[in-house]
Structure formats: structure tokens, C-alpha cells
file entry_12.cif (mmCIF, C-alpha atoms)
data_data
loop_
_atom_site.label_atom_id
_atom_site.label_comp_id
_atom_site.auth_asym_id
_atom_site.auth_seq_id
_atom_site.Cartn_x
_atom_site.Cartn_y
_atom_site.Cartn_z
CA MET A 392 7.19 8.30 -41.73
CA ASP A 393 6.28 6.54 -44.96
CA ALA A 394 4.46 8.00 -47.98
CA TYR A 395 1.12 6.59 -46.77
CA ALA A 396 1.34 8.36 -43.43
CA ARG A 397 2.59 11.61 -44.94
CA SER A 398 -0.22 11.71 -47.47
CA TRP A 399 -2.77 11.08 -44.70
CA PHE A 400 -1.32 13.88 -42.57
CA GLN A 401 -1.59 16.28 -45.53
CA MET A 402 -5.23 15.39 -46.06
CA ARG A 403 -6.02 15.56 -42.36
CA PHE A 404 -4.30 18.94 -42.08
CA GLN A 405 -6.43 20.32 -44.89
CA ASN A 406 -9.59 18.94 -43.30
CA LYS A 407 -8.80 20.59 -39.98
CA PHE A 408 -7.73 23.83 -41.63
CA LEU A 409 -11.09 24.05 -43.38
CA ARG A 410 -13.30 22.89 -40.51
CA LEU A 411 -11.92 24.98 -37.65
CA LYS A 412 -13.11 28.55 -37.28
CA GLY A 413 -12.65 31.43 -34.85
CA ALA A 414 -10.99 30.56 -31.54
CA ALA A 415 -10.61 26.89 -32.49
CA PHE A 416 -8.57 27.84 -35.57
CA GLN A 417 -6.48 30.22 -33.48
CA ASP A 418 -5.74 27.41 -31.01
CA PHE A 419 -4.80 25.12 -33.92
CA PHE A 420 -2.44 27.76 -35.28
CA ALA A 421 -0.87 28.32 -31.84
CA ASP A 422 -0.51 24.55 -31.29
CA ILE A 423 1.42 24.24 -34.56
CA MET A 424 3.61 27.25 -33.88
CA SER A 425 4.35 26.26 -30.26
CA ARG A 426 5.57 22.87 -31.41
CA ARG A 427 7.52 24.22 -34.34
CA HIS A 428 9.15 26.97 -32.28
CA PRO A 429 9.31 25.68 -28.70
CA SER A 430 10.29 28.33 -26.15
CA ASP A 431 10.25 30.90 -28.94
CA PHE A 432 6.61 31.21 -29.95
CA ILE A 433 4.46 32.80 -27.26
CA ARG A 434 0.71 32.28 -27.19
CA THR A 435 -1.44 35.04 -25.85
CA ARG A 436 -4.78 34.97 -24.19
CA PRO A 437 -7.32 37.70 -23.51
CA TRP A 438 -6.71 38.98 -20.01
CA GLY A 439 -9.51 40.69 -18.10
CA ASN A 440 -10.64 44.00 -19.56
CA SER A 441 -7.50 44.34 -21.68
CA GLY A 442 -8.31 41.48 -24.03
CA ASP A 443 -5.32 40.26 -26.02
CA ARG A 444 -4.36 43.72 -27.31
CA LYS A 445 -4.59 42.35 -30.87
CA ASN A 446 -1.83 39.83 -30.30
CA ASP A 447 -2.69 36.27 -31.28
CA GLY A 448 0.87 35.05 -30.96
CA TYR A 449 4.43 36.33 -30.96
CA LEU A 450 7.59 34.79 -32.34
CA ARG A 451 10.30 36.31 -30.27
CA SER A 452 13.42 35.41 -32.31
CA GLU A 453 12.01 36.98 -35.47
CA ARG A 454 9.97 39.73 -33.82
CA ILE A 455 6.79 38.67 -35.59
CA LEU A 456 3.38 39.61 -34.19
CA TYR A 457 0.54 37.39 -35.43
CA GLN A 458 -3.09 38.29 -35.91
CA VAL A 459 -5.38 35.35 -36.68
CA TYR A 460 -8.63 35.76 -38.60
CA ALA A 461 -10.71 32.67 -39.35
CA PRO A 462 -14.39 33.54 -39.79
CA ASN A 463 -17.07 31.19 -41.08
CA GLU A 464 -16.94 33.08 -44.31
CA LEU A 465 -14.20 35.51 -45.19
CA THR A 466 -15.58 38.55 -47.01
CA ALA A 467 -13.31 41.21 -48.48
CA ARG A 468 -14.98 44.11 -46.69
CA GLU A 469 -14.85 42.50 -43.27
CA ALA A 470 -11.28 41.27 -43.76
CA VAL A 471 -10.06 44.73 -44.78
CA SER A 472 -11.82 46.27 -41.80
CA LYS A 473 -10.33 43.65 -39.48
CA ILE A 474 -6.79 44.20 -40.79
CA GLU A 475 -6.94 47.98 -40.46
CA GLU A 476 -8.56 47.93 -37.03
CA ASP A 477 -6.33 45.23 -35.54
CA PHE A 478 -3.12 46.72 -36.88
CA ALA A 479 -4.08 50.19 -35.65
CA GLU A 480 -4.78 48.82 -32.18
CA ALA A 481 -1.69 46.59 -32.02
CA LEU A 482 0.79 49.24 -33.18
CA PRO A 483 0.86 51.62 -30.19
CA TYR A 484 0.96 48.78 -27.65
CA TRP A 485 3.49 46.44 -29.28
CA GLN A 486 5.49 48.69 -31.61
CA GLU A 487 8.85 48.37 -29.90
CA PHE A 488 8.64 44.57 -29.93
CA PHE A 489 7.82 43.68 -33.52
CA GLY A 490 9.29 44.24 -36.98
CA LYS A 491 6.81 42.05 -38.86
CA TRP A 492 3.03 41.87 -38.57
CA MET A 493 1.58 38.61 -39.91
CA PHE A 494 -2.09 38.29 -40.90
CA VAL A 495 -3.01 34.62 -40.51
CA HIS A 496 -6.16 33.58 -42.37
CA ASN A 497 -8.17 30.48 -43.30
CA ALA A 498 -8.94 31.19 -46.95
CA LEU A 499 -7.91 28.01 -48.74
CA ASP A 500 -7.84 29.59 -52.18
CA GLY A 501 -5.93 32.68 -51.10
CA LEU A 502 -6.89 36.30 -50.47
CA GLY A 503 -8.93 38.40 -52.84
CA PRO A 504 -7.55 41.55 -54.53
CA GLU A 505 -9.08 44.02 -52.03
CA VAL A 506 -7.53 42.26 -49.05
CA LEU A 507 -4.18 41.89 -50.76
CA LYS A 508 -4.18 45.57 -51.71
CA CYS A 509 -4.96 46.52 -48.11
CA LEU A 510 -2.00 44.48 -46.86
CA LEU A 511 0.33 45.91 -49.50
CA GLU A 512 -0.71 49.47 -48.70
CA LEU A 513 -0.23 48.88 -44.99
CA ASP A 514 3.21 47.43 -45.70
CA ARG A 515 4.13 50.46 -47.75
CA ARG A 516 2.77 52.95 -45.20
CA GLN A 517 4.46 51.53 -42.12
CA GLU A 518 8.13 52.27 -42.13
CA GLY A 519 10.15 49.71 -40.27
CA ILE A 520 7.34 47.15 -40.16
CA ASP A 521 6.80 44.44 -42.75
CA VAL A 522 3.18 43.44 -43.21
CA ARG A 523 2.71 39.91 -44.50
CA HIS A 524 0.07 37.19 -44.59
CA MET A 525 0.14 33.50 -43.76
CA GLY A 526 -2.35 31.18 -45.38
CA TYR A 527 -2.87 27.53 -46.09
CA GLU A 528 0.39 26.69 -47.85
CA SER A 529 2.60 28.39 -45.24
CA LEU A 530 0.79 26.85 -42.32
CA GLU A 531 0.81 23.43 -43.99
CA GLU A 532 4.56 23.67 -44.58
CA THR A 533 5.07 24.70 -40.95
CA ALA A 534 2.93 21.86 -39.64
CA LEU A 535 4.28 19.11 -41.89
CA GLY A 536 7.81 20.05 -40.85
CA LEU A 537 7.03 18.75 -37.37
CA SER A 538 8.07 15.32 -36.15
CA GLN A 539 5.66 12.41 -36.50
CA HIS A 540 5.03 12.49 -32.75
CA HIS A 541 3.90 16.13 -32.87
CA LEU A 542 1.79 15.47 -35.97
CA GLU A 543 0.08 12.59 -34.21
CA VAL A 544 -0.80 14.83 -31.28
CA LEU A 545 -2.13 17.54 -33.61
CA LEU A 546 -3.78 15.48 -36.31
CA GLY A 547 -4.24 11.90 -35.15
CA TYR A 548 -2.63 8.58 -36.00
CA ALA A 549 -1.86 8.24 -39.68
CA PRO A 550 -2.15 4.73 -41.11
CA ASP A 551 1.13 3.57 -42.61
CA ALA A 552 1.82 0.66 -44.97
CA ARG A 553 1.80 -1.83 -42.10
CA ALA A 554 -1.52 -0.56 -40.76
CA PHE A 555 -3.13 -1.08 -44.17
CA SER A 556 -1.73 -4.59 -44.37
CA ASN A 557 -2.96 -5.39 -40.89
CA VAL A 558 -6.55 -4.13 -41.21
CA ARG A 559 -8.78 -6.93 -40.01
CA SER A 560 -12.44 -7.69 -40.59
CA SER A 561 -13.08 -6.65 -36.99
CA ASP A 562 -11.72 -3.15 -37.71
CA LEU A 563 -14.06 -2.77 -40.69
CA ILE A 564 -17.00 -4.23 -38.79
CA LYS A 565 -16.58 -1.66 -35.98
CA VAL A 566 -16.80 1.18 -38.49
CA LEU A 567 -19.65 -0.37 -40.48
CA ASP A 568 -21.65 -1.19 -37.35
CA MET A 569 -21.47 2.45 -36.33
CA LEU A 570 -22.66 3.52 -39.79
CA ALA A 571 -25.42 0.89 -39.86
CA ARG A 572 -27.25 2.78 -37.11
CA GLU A 573 -28.38 5.21 -39.82
CA ASP A 574 -31.14 3.25 -41.50
CA ILE A 575 -31.78 5.13 -44.71
CA LEU A 576 -33.03 3.21 -47.70
CA GLY A 577 -33.24 4.23 -51.30
CA ASP A 578 -32.77 2.91 -54.80
CA ILE A 579 -29.25 2.90 -56.15
CA ASP A 580 -28.79 2.38 -59.86
CA PRO A 581 -25.69 0.36 -60.61
CA GLN A 582 -23.23 2.26 -62.78
CA PRO A 583 -20.30 0.90 -64.73
CA VAL A 584 -16.92 1.82 -63.24
CA SER A 585 -14.84 4.09 -65.43
CA LEU A 586 -11.07 4.33 -65.41
CA ASP A 587 -11.31 8.13 -65.79
CA LYS A 588 -13.16 8.53 -62.55
CA ILE A 589 -10.33 9.95 -60.49
CA HIS A 590 -9.35 12.37 -63.23
CA LYS A 591 -12.92 13.56 -63.75
CA ASN A 592 -13.40 14.36 -60.08
CA SER A 593 -10.22 16.50 -59.91
CA LEU A 594 -8.97 14.84 -56.80
CA SER A 595 -5.51 15.82 -55.60
CA ASP A 596 -2.54 13.45 -55.61
CA GLU A 597 -2.97 12.93 -51.87
CA SER A 598 -6.64 12.01 -52.28
CA LYS A 599 -5.86 9.65 -55.13
CA PHE A 600 -3.14 8.04 -53.02
CA TYR A 601 -5.54 7.70 -50.09
CA LEU A 602 -8.14 5.90 -52.22
CA ARG A 603 -5.51 3.65 -53.72
CA MET A 604 -4.29 2.80 -50.21
CA GLY A 605 -7.85 1.94 -49.24
CA GLN A 606 -8.30 -0.27 -52.29
CA ARG A 607 -5.92 -2.79 -50.74
CA LYS A 608 -8.71 -3.84 -48.40
CA SER A 609 -11.84 -2.68 -50.19
CA GLY A 610 -12.61 -6.24 -51.30
CA LEU A 611 -12.92 -7.20 -47.65
CA VAL A 612 -15.71 -4.63 -47.25
CA ALA A 613 -17.88 -6.42 -49.81
CA ARG A 614 -17.38 -9.76 -48.05
CA ILE A 615 -18.28 -8.23 -44.69
CA PHE A 616 -21.48 -6.75 -46.09
CA ASP A 617 -22.48 -10.29 -47.06
CA THR A 618 -22.15 -11.41 -43.46
CA PHE A 619 -24.45 -8.73 -42.03
CA SER A 620 -27.52 -10.35 -40.52
CA ASP A 621 -29.72 -7.67 -42.08
CA PRO A 622 -29.17 -7.92 -45.85
CA LEU A 623 -30.42 -4.36 -46.26
CA SER A 624 -27.83 -2.86 -43.87
CA ALA A 625 -25.33 -2.43 -46.68
CA GLU A 626 -27.80 -0.46 -48.78
CA GLY A 627 -28.63 1.67 -45.77
CA ILE A 628 -24.99 2.49 -45.08
CA VAL A 629 -24.31 3.28 -48.72
CA GLN A 630 -27.40 5.46 -49.02
CA GLY A 631 -26.21 7.41 -46.00
CA PHE A 632 -22.96 8.16 -47.83
CA ARG A 633 -24.79 9.04 -51.02
CA ASN A 634 -27.00 11.48 -49.11
CA ARG A 635 -24.00 13.08 -47.46
CA TYR A 636 -22.16 13.28 -50.80
CA THR A 637 -25.16 14.93 -52.45
CA ASP A 638 -25.43 17.49 -49.64
CA LEU A 639 -21.74 18.37 -49.99
CA LYS A 640 -21.95 18.55 -53.77
CA LEU A 641 -24.80 21.04 -53.49
CA GLN A 642 -22.52 23.30 -51.46
CA ASP A 643 -20.24 23.50 -54.49
CA ILE A 644 -17.05 22.69 -52.63
CA GLN A 645 -13.89 21.04 -53.89
CA SER A 646 -13.68 17.30 -54.36
CA ASP A 647 -10.81 16.97 -51.87
CA ARG A 648 -12.84 18.70 -49.22
CA ILE A 649 -15.83 16.48 -50.01
CA LEU A 650 -13.63 13.43 -49.52
CA GLY A 651 -12.44 14.85 -46.19
CA GLU A 652 -16.02 15.30 -45.00
CA LEU A 653 -16.94 11.78 -46.12
CA ILE A 654 -13.97 10.47 -44.15
CA CYS A 655 -15.37 12.27 -41.09
CA HIS A 656 -18.82 10.84 -41.83
CA ALA A 657 -17.27 7.37 -41.76
CA GLY A 658 -15.72 8.04 -38.34
CA GLY A 659 -12.26 8.85 -39.67
CA TYR A 660 -10.09 11.77 -38.57
CA ALA A 661 -11.20 10.94 -35.05
CA GLU A 662 -10.31 13.36 -32.27
CA HIS A 663 -10.22 10.50 -29.78
CA TYR A 664 -9.50 6.84 -30.28
CA LYS A 665 -10.33 3.78 -28.25
CA GLY A 666 -7.21 1.76 -27.74
CA GLY A 667 -3.64 2.73 -28.54
CA PRO A 668 -1.85 4.06 -31.64
CA VAL A 669 -1.87 0.73 -33.47
CA GLU A 670 -5.64 0.37 -33.12
CA ALA A 671 -6.06 4.01 -34.14
CA GLN A 672 -4.00 3.48 -37.30
CA ARG A 673 -6.02 0.38 -38.21
CA HIS A 674 -9.24 2.33 -37.62
CA GLU A 675 -8.13 5.04 -40.07
CA ALA A 676 -7.02 2.36 -42.55
CA ALA A 677 -10.44 0.70 -42.22
CA VAL A 678 -12.14 4.00 -43.00
CA ALA A 679 -9.95 4.37 -46.10
CA ALA A 680 -10.94 0.88 -47.24
CA ILE A 681 -14.63 1.72 -46.91
CA LEU A 682 -14.26 4.99 -48.83
CA ALA A 683 -12.29 3.21 -51.55
CA TYR A 684 -15.03 0.56 -51.80
CA LEU A 685 -17.71 3.23 -52.22
CA PHE A 686 -15.58 5.08 -54.77
CA GLU A 687 -15.02 1.92 -56.83
CA ARG A 688 -18.74 1.15 -56.83
CA CYS A 689 -19.55 4.73 -57.89
CA ASP A 690 -21.65 5.36 -54.82
CA ILE A 691 -19.69 8.56 -54.20
CA PHE A 692 -18.18 11.00 -56.70
CA GLU A 693 -19.05 11.37 -60.36
CA ASP A 694 -18.73 8.74 -63.00
CA PRO A 695 -17.36 10.22 -66.25
CA MET A 696 -19.54 7.79 -68.24
CA GLU A 697 -22.56 9.95 -67.30
CA ASP A 698 -21.21 12.83 -69.39
CA SER A 699 -20.67 10.65 -72.43
CA ILE A 700 -24.22 9.25 -72.22
CA THR A 701 -25.79 12.72 -72.09
CA MET B 140 -34.79 -6.61 -51.77
CA ILE B 141 -36.53 -8.98 -54.17
CA LEU B 142 -33.87 -8.68 -56.86
CA PRO B 143 -30.11 -8.39 -56.39
CA LYS B 144 -28.76 -4.85 -56.10
CA LYS B 145 -25.32 -3.32 -56.03
CA HIS B 146 -24.95 -4.04 -52.33
CA LEU B 147 -27.33 -6.96 -52.02
CA SER B 148 -25.70 -10.09 -53.39
CA THR B 149 -27.64 -12.48 -55.60
CA ASP B 150 -27.69 -15.26 -53.03
CA ARG B 151 -29.30 -12.98 -50.45
CA CYS B 152 -32.07 -11.49 -52.53
CA LEU B 153 -35.59 -12.80 -51.90
CA LEU B 154 -35.87 -14.24 -55.40
CA TYR B 155 -32.87 -16.49 -54.79
CA VAL B 156 -33.81 -17.49 -51.26
CA GLY B 157 -37.37 -18.11 -52.44
CA ALA B 158 -36.08 -20.42 -55.15
CA GLU B 159 -34.05 -22.34 -52.56
CA VAL B 160 -37.15 -22.69 -50.36
CA LEU B 161 -39.22 -23.96 -53.31
CA GLY B 162 -36.49 -26.50 -53.98
CA LEU B 163 -36.88 -27.81 -50.43
CA LEU B 164 -40.67 -28.00 -50.65
CA ASN B 165 -40.71 -31.35 -52.44
CA ARG B 166 -43.29 -32.44 -49.85
CA PRO B 167 -45.48 -30.62 -47.28
CA ARG B 168 -43.26 -29.41 -44.46
CA THR B 169 -43.33 -27.24 -41.34
CA VAL B 170 -41.74 -23.79 -41.40
CA SER B 171 -39.12 -24.78 -38.82
CA ASN B 172 -38.26 -27.92 -40.76
CA ILE B 173 -37.63 -25.93 -43.94
CA TRP B 174 -35.57 -23.37 -41.99
CA HIS B 175 -33.41 -26.10 -40.49
CA ASP B 176 -32.67 -27.61 -43.91
CA LEU B 177 -32.13 -24.21 -45.53
CA LYS B 178 -29.53 -23.30 -42.92
CA ALA B 179 -27.79 -26.65 -43.33
CA HIS B 180 -27.82 -26.35 -47.11
CA ARG B 181 -26.36 -22.82 -47.05
CA SER B 182 -23.71 -23.56 -44.46
CA LYS B 183 -22.41 -26.47 -46.57
CA ARG B 184 -21.82 -24.10 -49.45
CA ASN B 185 -19.19 -21.59 -48.41
CA GLU B 186 -19.96 -19.17 -51.20
CA LEU B 187 -23.45 -18.50 -49.86
CA SER B 188 -23.99 -15.64 -47.39
CA VAL B 189 -25.62 -15.84 -44.01
CA ILE B 190 -29.34 -15.11 -43.82
CA THR B 191 -31.43 -14.65 -40.68
CA TYR B 192 -34.71 -16.27 -39.74
CA ASP B 193 -36.45 -12.93 -40.33
CA TRP B 194 -35.16 -12.86 -43.88
CA PHE B 195 -36.24 -16.46 -44.43
CA ILE B 196 -39.78 -15.59 -43.25
CA LEU B 197 -39.74 -12.63 -45.64
CA SER B 198 -38.96 -15.06 -48.47
CA LEU B 199 -41.98 -17.13 -47.46
CA ASP B 200 -44.10 -13.97 -47.50
CA PHE B 201 -42.77 -13.27 -50.99
CA LEU B 202 -43.58 -16.78 -52.24
CA HIS B 203 -47.02 -16.60 -50.67
CA ALA B 204 -47.69 -13.24 -52.32
CA LEU B 205 -46.75 -14.79 -55.66
CA GLY B 206 -49.15 -17.64 -55.02
CA ALA B 207 -46.30 -20.14 -55.14
CA ILE B 208 -46.88 -21.62 -51.67
CA ALA B 209 -49.72 -21.97 -49.21
CA MET B 210 -50.12 -23.02 -45.60
CA GLU B 211 -52.89 -25.50 -45.11
CA GLU B 212 -55.00 -26.18 -42.01
CA ASP B 213 -52.56 -28.83 -40.86
CA GLY B 214 -49.89 -26.12 -40.43
CA LEU B 215 -47.73 -27.46 -43.23
CA LEU B 216 -46.39 -25.42 -46.10
CA ARG B 217 -46.98 -26.71 -49.61
CA ARG B 218 -46.10 -25.73 -53.11
CA LYS B 219 -49.12 -24.63 -55.05
CA SER B 220 -49.45 -25.95 -58.54
CA ALA B 221 -49.66 -23.38 -61.34
#
call {"tool": "encode", "arguments": {"input": "entry_12.cif", "output": "C-alpha cells"}}
result
Amino acid sequence: MDAYARSWFQMRFQNKFLRLKGAAFQDFFADIMSRRHPSDFIRTRPWGNSGDRKNDGYLRSERILYQVYAPNELTAREAVSKIEEDFAEALPYWQEFFGKWMFVHNALDGLGPEVLKCLLELDRRQEGIDVRHMGYESLEETALGLSQHHLEVLLGYAPDARAFSNVRSSDLIKVLDMLAREDILGDIDPQPVSLDKIHKNSLSDESKFYLRMGQRKSGLVARIFDTFSDPLSAEGIVQGFRNRYTDLKLQDIQSDRILGELICHAGGYAEHYKGGPVEAQRHEAAVAAILAYLFERCDIFEDPMEDSIT
Amino acid sequence: MILPKKHLSTDRCLLYVGAEVLGLLNRPRTVSNIWHDLKAHRSKRNELSVITYDWFILSLDFLHALGAIAMEEDGLLRRKSA
């Protein structure tokens, strides 16, 4: 796996971690753990009236019982209530089988003080049982330790250096044709490109790398726009991205997450691909080229020059 | 669409295409005749982008709105003098 592919997997993992909620997140967690610990990690499923007895997974060799909590929005009060209730219900049924209880959550920025205090108090209270939590960093480390084959099954086909070199006009046209179906017009004021743009937008190293990878073919995007039979198609596609970027910006979310959502908007991070792995990799590389083109032209993300003018 | 924009190259904007059409109207001509010559002219020059017939007609609409061309009763397009 080269640096290109690894960086893409990291970004794709974060995108999935943030997008999936509830049962879908639990399945994602179990998929990762089953592959990382084959024959050792046991998934559980609700069974009739019994439910799952507050067991969302069990790692036999280390006697760890997992409880997964991935709501749409994690509030301290609800998380504390969930921890106390689930632990209290799990303990009498599973006590002889586990020495560690792991609270798996989907809070990207970590747990708040009330939740952390609840976990620490539970850990202190329960003799013989360690109470811990597993968040983004731990799950990312677990996932990215998998082989490339497993990562491809979980996350899709990451474009590597060869895929970026081999992106053809036809790959870009397929993506742009799909986007051209949104026919939104609007005025776009040309802005000068600033060298500080990446720094200003606080994009992570992986995001910066992704955009730099895409820049290898971003020039081809401009030439393809010039071949579109409808000269206004390009403006329509770009305005669609600008609208999506503005919507995401209003939600006050991180730049990396915005980039992930724009990649999805462009048809990247696909769950299913037409064709085989090579076509899938070129598709993802084509999406990167389009995003890089938009970034260079300041159609998405902030231009630091705006601050200096005001 | 009249002027170039960030994602509308100069050679595709209506102002440019209109100027090309005016250059071809050195004598009264039919619409199809001008279109044929415009296509030939653009395909000879590799740096120029493809335009469709619809876009060509839009350039005629633009020139007509400016008062730069007129279609007479004989069905031929002509440049109008200033």
C-alpha cells in the first residue's frame, strides 16, 4: 500500500465514522473487529424477547465486552444514562465472562467531562472490572492495521500512484456527466488563488495530500469542461458544489469533514462500483482531480485573501 | 454567458462567438451557411472549444439584440451598419 492509498483510507475511514449512526455504526465496528480478530471477536445480535443483553460484541481472548453508542448527536446526559443503564444490565448476565467493559462511541472530538467522570467512577466502583472507552483514534488504529484487502472490503478501493497516473478523460467525464444533471446556475466571482489557502482552511495532512494528489490531473478537468456541448454545464456543476459547500459551512463542521462530504457529493467514497478494482481506483482518482480543480479555482473553501481585503 | 467567466472560456462566450460570426458576415448569407463555415473555422484551430448549433443560434440572438445583424425578407442574414 503506498502513501496515496493509505491517506485515502484514513480520509475514507473518518468519513464513514462520522456518517454512520446507530445500528449501521455498530455493524461497521463489528466488521472492523471481526476482521482484526478473526475467530476471536464475537458479534452479537438481538435474539427474540431477550434482545442482545447489552452485548454489542465480545473479544474472547481478552475478555472484553463492548457496548456501542453512536447516536445522531451525543449529549452528556443521554450518554451518562446509557452507560449506567447498559452496564447495570450487562453485569448480572455476563459478569463471569468479562474483565473489561468497553464503551465504544462516535464522538470525533472525544468525550465531555461528565461522560468521562461517569466512566471513571464506574471503573473505580467495580472491583475486578476495568471500564474503558474506545473512540475515533482507537478504532482508526484498529482499522488501519488491517490488510489492504480487508480495507478495500470495508472502505472501498483507494487510488494509488498508478491510478492517479492512469486517470483518463473518460473517467472524469463519467463523474462530470453525473454532476451535470444538477442544473443550478449562479454568478461566481473569480478570486485570485492564494498560496495560504490550505493553511487557512485548517485541512489535515491527509486532506492536503489528497488535494495534491488530485492536482496531478486537475488541468484535465478544465480541458474537459471546454468540450461539453453545453457551455454552461461547467458553471452548473461548480455552482452545485458551491451550494453544497455553503450548506456544510453553515453547519459549522470541520474542514476535513466538509471535504469528505464534497467527495461524496462528487460520487466518491462509493459503496458500489461499476467495473473492477482498477476502474474503481480510477473513479476515486477522478473525483480527487475534480475536487482539486475546484479547490484551486477557489470554488470551494475559503480564500485567505478575503480576510486581508476586509 | 455573454462574457467569459471562471468556468466559461473566452472562446465560448457569446461575445467571442458573436465576433466570429460578424467576421463571417462579409456578405449576406444563410444561417446554415454561416454555421457551416463557423464549424470549419473552429475545427481548424485546435485551441478553440466545441460549440453546438444551439449556442451558435444564441450568438445570433445576441447580435440581433445588439442591433448588429438583421434577417431580411430574402431569409439572408446581414450586418447592419452603425
call {"tool": "residues_around", "arguments": {"input": "entry_12.cif", "residues": "B:Ser171", "least_positions_apart": "6", "cutoff": "12 Å", "atoms": "only C-alpha atoms", "output": "JSON list (two decimals) with C-alpha atoms, in the frame of the given file"}}
result
[["chain", "number", "residue", "atom", "x", "y", "z"],
["B", 160, "VAL", "CA", -37.15, -22.69, -50.36],
["B", 177, "LEU", "CA", -32.13, -24.21, -45.53],
["B", 178, "LYS", "CA", -29.53, -23.30, -42.92],
["B", 192, "TYR", "CA", -34.71, -16.27, -39.74],
["B", 195, "PHE", "CA", -36.24, -16.46, -44.43],
["B", 196, "ILE", "CA", -39.78, -15.59, -43.25],
["B", 199, "LEU", "CA", -41.98, -17.13, -47.46],
["B", 214, "GLY", "CA", -49.89, -26.12, -40.43],
["B", 215, "LEU", "CA", -47.73, -27.46, -43.23],
["B", 216, "LEU", "CA", -46.39, -25.42, -46.10]]
call {"tool": "closest_residue", "arguments": {"input": "entry_12.cif", "among": "B:Glu212, B:Asp176, B:Asp193, B:Asp200", "to": "chain A", "atoms": "only C-alpha atoms"}}
result
B:Asp193
call {"tool": "interface_residues", "arguments": {"input": "entry_12.cif", "of": "chain B", "to": "chain A", "cutoff": "8 Å", "atoms": "only C-alpha atoms", "output": "list of chain:residue names"}}
result
B:Met140, B:Lys144, B:Lys145, B:His146, B:Leu147, B:Ser148, B:Arg151, B:Ser188, B:Val189, B:Ile190, B:Thr191, B:Trp194
call {"tool": "resolve_selection", "arguments": {"input": "entry_12.cif", "expression": "the PyMOL selection byres ((chain B and resi 204-211) around 12)", "output": "VMD selection string"}}
result
chain B and resid 141 153 to 154 157 to 158 160 to 170 197 to 203 212 to 221
call {"tool": "resolve_selection", "arguments": {"input": "entry_12.cif", "expression": "the PyMOL selection byres ((chain A and resi 495) around 7)", "output": "MDAnalysis selection string"}}
result
chainID A and resid 457:460 493:494 496 524:526
call {"tool": "closest_residue", "arguments": {"input": "entry_12.cif", "among": "A:Glu453, A:Asp477, A:Asp647, A:Glu469", "to": "A:Phe432", "atoms": "all atoms listed in the file"}}
result
A:Glu453
call {"tool": "residues_around", "arguments": {"input": "entry_12.cif", "residues": "stretch 557-562 of chain A", "least_positions_apart": "6", "cutoff": "7 Å", "atoms": "only C-alpha atoms", "output": "list in words"}}
result
Arg673, His674, Ala676 and Ala677 of chain A
call {"tool": "write_last_selection", "arguments": {"input": "entry_12.cif", "atoms": "C-alpha atoms", "output": "short mmCIF file (atom, residue, chain, number, x, y, z; two decimals), in the coordinates of the input"}}
result
data_model
loop_
_atom_site.label_atom_id
_atom_site.label_comp_id
_atom_site.auth_asym_id
_atom_site.auth_seq_id
_atom_site.Cartn_x
_atom_site.Cartn_y
_atom_site.Cartn_z
CA ARG A 673 -6.02 0.38 -38.21
CA HIS A 674 -9.24 2.33 -37.62
CA ALA A 676 -7.02 2.36 -42.55
CA ALA A 677 -10.44 0.70 -42.22
#
call {"tool": "atom_distance", "arguments": {"input": "entry_12.cif", "atom1": "atom CA of A:Asp418", "atom2": "atom CA of A:Val544"}}
result
13.5 Å
call {"tool": "atom_distance", "arguments": {"input": "entry_12.cif", "atom1": "atom CA of A:Tyr527", "atom2": "atom CA of A:Leu499"}}
result
5.7 Å
call {"tool": "atom_distance", "arguments": {"input": "entry_12.cif", "atom1": "atom CA of A:Tyr449", "atom2": "atom CA of A:Gly490"}}
result
11.1 Å
call {"tool": "residues_around", "arguments": {"input": "entry_12.cif", "residues": "A:Pro504", "least_positions_apart": "3", "cutoff": "12 Å", "atoms": "only C-alpha atoms", "output": "count of residues only"}}
result
12
call {"tool": "resolve_selection", "arguments": {"input": "entry_12.cif", "expression": "the PyMOL selection byres ((chain A and resi 632) around 8)", "output": "compact mmCIF listing (two decimals) with C-alpha atoms, keeping the file's coordinate frame"}}
result
# COMPACT_ATOMS: atom_id res chain seq x y z
CA ILE A 628 -24.99 2.49 -45.08
CA VAL A 629 -24.31 3.28 -48.72
CA GLN A 630 -27.40 5.46 -49.02
CA GLY A 631 -26.21 7.41 -46.00
CA ARG A 633 -24.79 9.04 -51.02
CA ASN A 634 -27.00 11.48 -49.11
CA ARG A 635 -24.00 13.08 -47.46
CA TYR A 636 -22.16 13.28 -50.80
CA LEU A 653 -16.94 11.78 -46.12
CA HIS A 656 -18.82 10.84 -41.83
CA ASP A 690 -21.65 5.36 -54.82
CA ILE A 691 -19.69 8.56 -54.20
call {"tool": "residues_around", "arguments": {"input": "entry_12.cif", "residues": "A:Glu543", "least_positions_apart": "5", "cutoff": "10 Å", "atoms": "only C-alpha atoms", "output": "list in words"}}
result
Phe400, Leu537, Ser538, Tyr548, Ala549 and Pro668 of chain A
call {"tool": "axis_aligned_box", "arguments": {"input": "entry_12.cif", "around": "stretch 177-194 of chain B", "padding_each_side": "5 Å", "output": "AutoDock Vina command-line options"}}
result
--center_x -27.8 --center_y -19.8 --center_z -45.5 --size_x 27.3 --size_y 23.8 --size_z 21.5
call {"tool": "residues_near_point", "arguments": {"input": "entry_12.cif", "point": "(-11.3, 33.7, -47.5)", "cutoff": "6 Å", "atoms": "all atoms listed in the file", "output": "count of residues only"}}
result
3
